[in-house]
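See structure below.
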Amino acid sequence: MKFPFIEHTVVALDVRNDSIRWVELNHIGSKISYVSHGKMNRGGASALEQYLGEIKEEIQADAYQLSCSFKDILMGIEVEDMPFFEESEEIKKWIQGRKEEYAAQYEASVEVGTHVVEVDEDHRRCIFQVVNKEITDRYINIIGIHELHPVLITTGISELGYAQIYEESFTKGPAATIVENSQNLLCNYQNGLLTNVLEIGQEDFSIMIEEADSYLKTEEISLDLRQYAIPLYVEKPVGTTGSNEQVSRPVKTIFPLEAKLGLEKIDPEYALACGIALKSMYPNLDGFNFSLEEEREKGRDWEEKKECYRTGVLLFPALIVILLILFAIEGFLDVNLTETNQVLDQLSDKIELVNDKTEQVNLATLSYQQVRNLVDKRRNSARLFELVSNEIPTEVWLQELSIRHTESKEYLAQIYGIAPRETMIADFMGALEDHKHVKKVELLSSRKTSPEEISNARSLGPVQVNQFQLRVEVSY
């Protein structure tokens, strides 16, 4: 039995051009249990539109998070070594500029996702994935027809390796996987995290293995590792790949969740679906998620409502059983017909009491929704605090921050602060204006003053500072 609000279910869809696979897993923290899996031998958006209803009927859980991989949305993948930047704002601007440049290279409507890899203290690498937004939106619409909302949408590039995140050979050191698609990619991982993606672009699988092996030898030399120290994993059963005399490196088949479930549970062809499910459980594995924020919110809200309903369904029969047992005991002891009639009257009263309890449950559900609305307002205030804390320059100090919720469902923030230079105030305003939820930033006042005149700024010394007041209008 699944425990509501404690044990969660994730359903992962792996949609390819020729097939659709799904996996259903339960988890409490890192404890994983298998529920179901299946396959349709047709793929793409048209097949998903035809079979999603059948797949939904096969899923055993009433409440779950839906995560999806659509291979045909991927249009391109690029990897760049980043220039060295000291400030996070410089990193954001560089990434945004590169995203705009990559988007401009495609005639179709695209979305560019990024994942930044910290190679070492002074070296960063950025991986870009370009996806077709029109195809992605079509998939979202098809899923929405069935009243489902994906919390995760990926291209299936990095997720294949995540099916092994419980394997020590994958999480303790370097490892690599071959992803077969229109480009044929080699994905490198370090301690279970994605570090690089290279195109090996060969149709013949044995030649792909050779290309991958050649690159990994170079990596082993650069990392001072012994030869063949980096394991290479593939999705195909190794017996079907044939032998290659040019390669001594062992090529291993990915058995998804082998350390947790064993070999008998899920076949290797479901490795990508398992990797998608695990990424949904651990969303910080990489930065690629092409699901809309509103879809993620709807998906989480849908799961919570289903869990509430399921809790009520589980508790209601238990109450009825307890009442029936009590009345049965009383009826067994009472042999007098008059007393039996009284018991029946009491049973009627108890049924009315159950109806009253049901009404109380409904009222509690309504109260829950009202509390949730209040939590949403407070959460938006917290998001506004986070926005200001993320964007404030290093040498700018805040004296006061107040937030007011307007009738038009917008938020007004009054910010009082100190900055050594006026340019820092301008930088702060510019950083806030660049945020997609910020509608307007106004400078209400700015004056030079001595830190001695400010009670909490005397430690800044005798140099004059700029005391300023901003008003920020935000809409969530």
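Every chain in the structure tokens takes a letter, A first, then B, and so on in the order presented; its residues are numbered from 1, and the ligands are numbered from 1 following the presented order.
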
Quick one: residues within 8 Å of Gln60 (chain A), only C-alpha atoms, excluding same-chain residues fewer than 2 positions away - as a PyMOL selection string? chain A and resi 35-36+57-58+62

Writer output for current selection, N, CA and C atoms, as an mmCIF file, in the first residue's frame:
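For reference, selection-v6.cif as written:
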data_model
loop_
_atom_site.group_PDB
_atom_site.id
_atom_site.type_symbol
_atom_site.label_atom_id
_atom_site.label_comp_id
_atom_site.auth_asym_id
_atom_site.auth_seq_id
_atom_site.Cartn_x
_atom_site.Cartn_y
_atom_site.Cartn_z
ATOM 1 N N VAL A 35 6.824 -0.488 -9.787
ATOM 2 C CA VAL A 35 5.370 -0.681 -9.849
ATOM 3 C C VAL A 35 4.967 -1.310 -11.185
ATOM 4 N N SER A 36 5.297 -0.650 -12.302
ATOM 5 C CA SER A 36 4.890 -1.199 -13.595
ATOM 6 C C SER A 36 5.732 -0.585 -14.710
ATOM 7 N N GLU A 57 -4.430 4.156 -18.354
ATOM 8 C CA GLU A 57 -5.185 3.090 -17.692
ATOM 9 C C GLU A 57 -4.259 2.025 -17.108
ATOM 10 N N GLU A 58 -3.093 1.822 -17.723
ATOM 11 C CA GLU A 58 -2.137 0.830 -17.217
ATOM 12 C C GLU A 58 -1.424 1.291 -15.960
ATOM 13 N N ASP A 62 -3.008 6.500 -8.496
ATOM 14 C CA ASP A 62 -3.989 7.558 -8.761
ATOM 15 C C ASP A 62 -3.309 8.921 -8.851
#

Set the distance at 7 Å and use only C-alpha atoms: which residues neighbour Ile418 (chain A) once local chain neighbours fewer than 5 positions away are removed? I'd like the list as a VMD selection string. chain A and resid 396 to 398 465 to 468

Those residues with C-alpha atoms, as a short mmCIF file (atom, residue, chain, number, x, y, z; two decimals), in the first residue's frame please?
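Output file out.cif is given in full below:
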data_model
loop_
_atom_site.label_atom_id
_atom_site.label_comp_id
_atom_site.auth_asym_id
_atom_site.auth_seq_id
_atom_site.Cartn_x
_atom_site.Cartn_y
_atom_site.Cartn_z
CA VAL A 396 25.60 47.56 -2.04
CA TRP A 397 23.97 47.34 1.41
CA LEU A 398 20.26 47.23 2.14
CA VAL A 465 28.20 57.12 0.19
CA ASN A 466 24.98 57.30 -1.79
CA GLN A 467 21.81 56.66 0.18
CA PHE A 468 19.01 55.62 -2.17
#

Considering only C-alpha atoms, return as a list in words whatever protein or nucleic-acid residues lie within 7 Å of region 181-190 of chain A, sequence-local ones (same chain, fewer than 6 positions apart) excluded.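 After dropping sequence-adjacent residues, the list is Ser158, Gly173, Pro174, Ala175, Asn196, Val197, Leu198, Glu199, Ile200, Gly201, Gln202 and Ala212 of chain A.
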
Expected file contents, prior selection, N, CA and C atoms, as a compact mmCIF listing (two decimals), in the first residue's frame:
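Contents of out_15.txt, freshly written:
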# COMPACT_ATOMS: atom_id res chain seq x y z
N SER A 158 21.17 13.36 -21.48
CA SER A 158 21.91 13.08 -20.24
C SER A 158 21.24 12.02 -19.38
N GLY A 173 33.73 8.44 -9.76
CA GLY A 173 34.76 8.61 -10.78
C GLY A 173 34.16 8.90 -12.14
N PRO A 174 34.99 8.87 -13.19
CA PRO A 174 34.50 9.15 -14.55
C PRO A 174 33.79 7.96 -15.14
N ALA A 175 32.83 8.23 -16.04
CA ALA A 175 32.11 7.20 -16.78
C ALA A 175 31.57 7.83 -18.05
N ASN A 196 30.31 16.56 -20.12
CA ASN A 196 30.61 16.90 -21.52
C ASN A 196 29.75 16.03 -22.44
N VAL A 197 29.50 16.56 -23.66
CA VAL A 197 28.77 15.82 -24.68
C VAL A 197 29.52 15.99 -26.00
N LEU A 198 29.83 14.88 -26.67
CA LEU A 198 30.54 14.95 -27.94
C LEU A 198 29.78 14.16 -28.99
N GLU A 199 29.80 14.66 -30.22
CA GLU A 199 29.15 13.98 -31.33
C GLU A 199 30.13 13.01 -31.97
N ILE A 200 29.77 11.73 -32.03
CA ILE A 200 30.63 10.74 -32.66
C ILE A 200 30.12 10.35 -34.04
N GLY A 201 28.85 10.63 -34.34
CA GLY A 201 28.30 10.67 -35.68
C GLY A 201 28.61 9.52 -36.60
N GLN A 202 28.57 8.29 -36.14
CA GLN A 202 28.80 7.13 -37.01
C GLN A 202 27.57 6.23 -36.95
N ALA A 212 34.39 6.31 -29.59
CA ALA A 212 34.26 6.59 -28.16
C ALA A 212 35.49 6.13 -27.40

Neighbours of Ser69 (chain A) within 7 Å (only C-alpha atoms; same-chain residues fewer than 2 positions away dropped), as a PyMOL selection string? chain A and resi 13-15+71+153-156
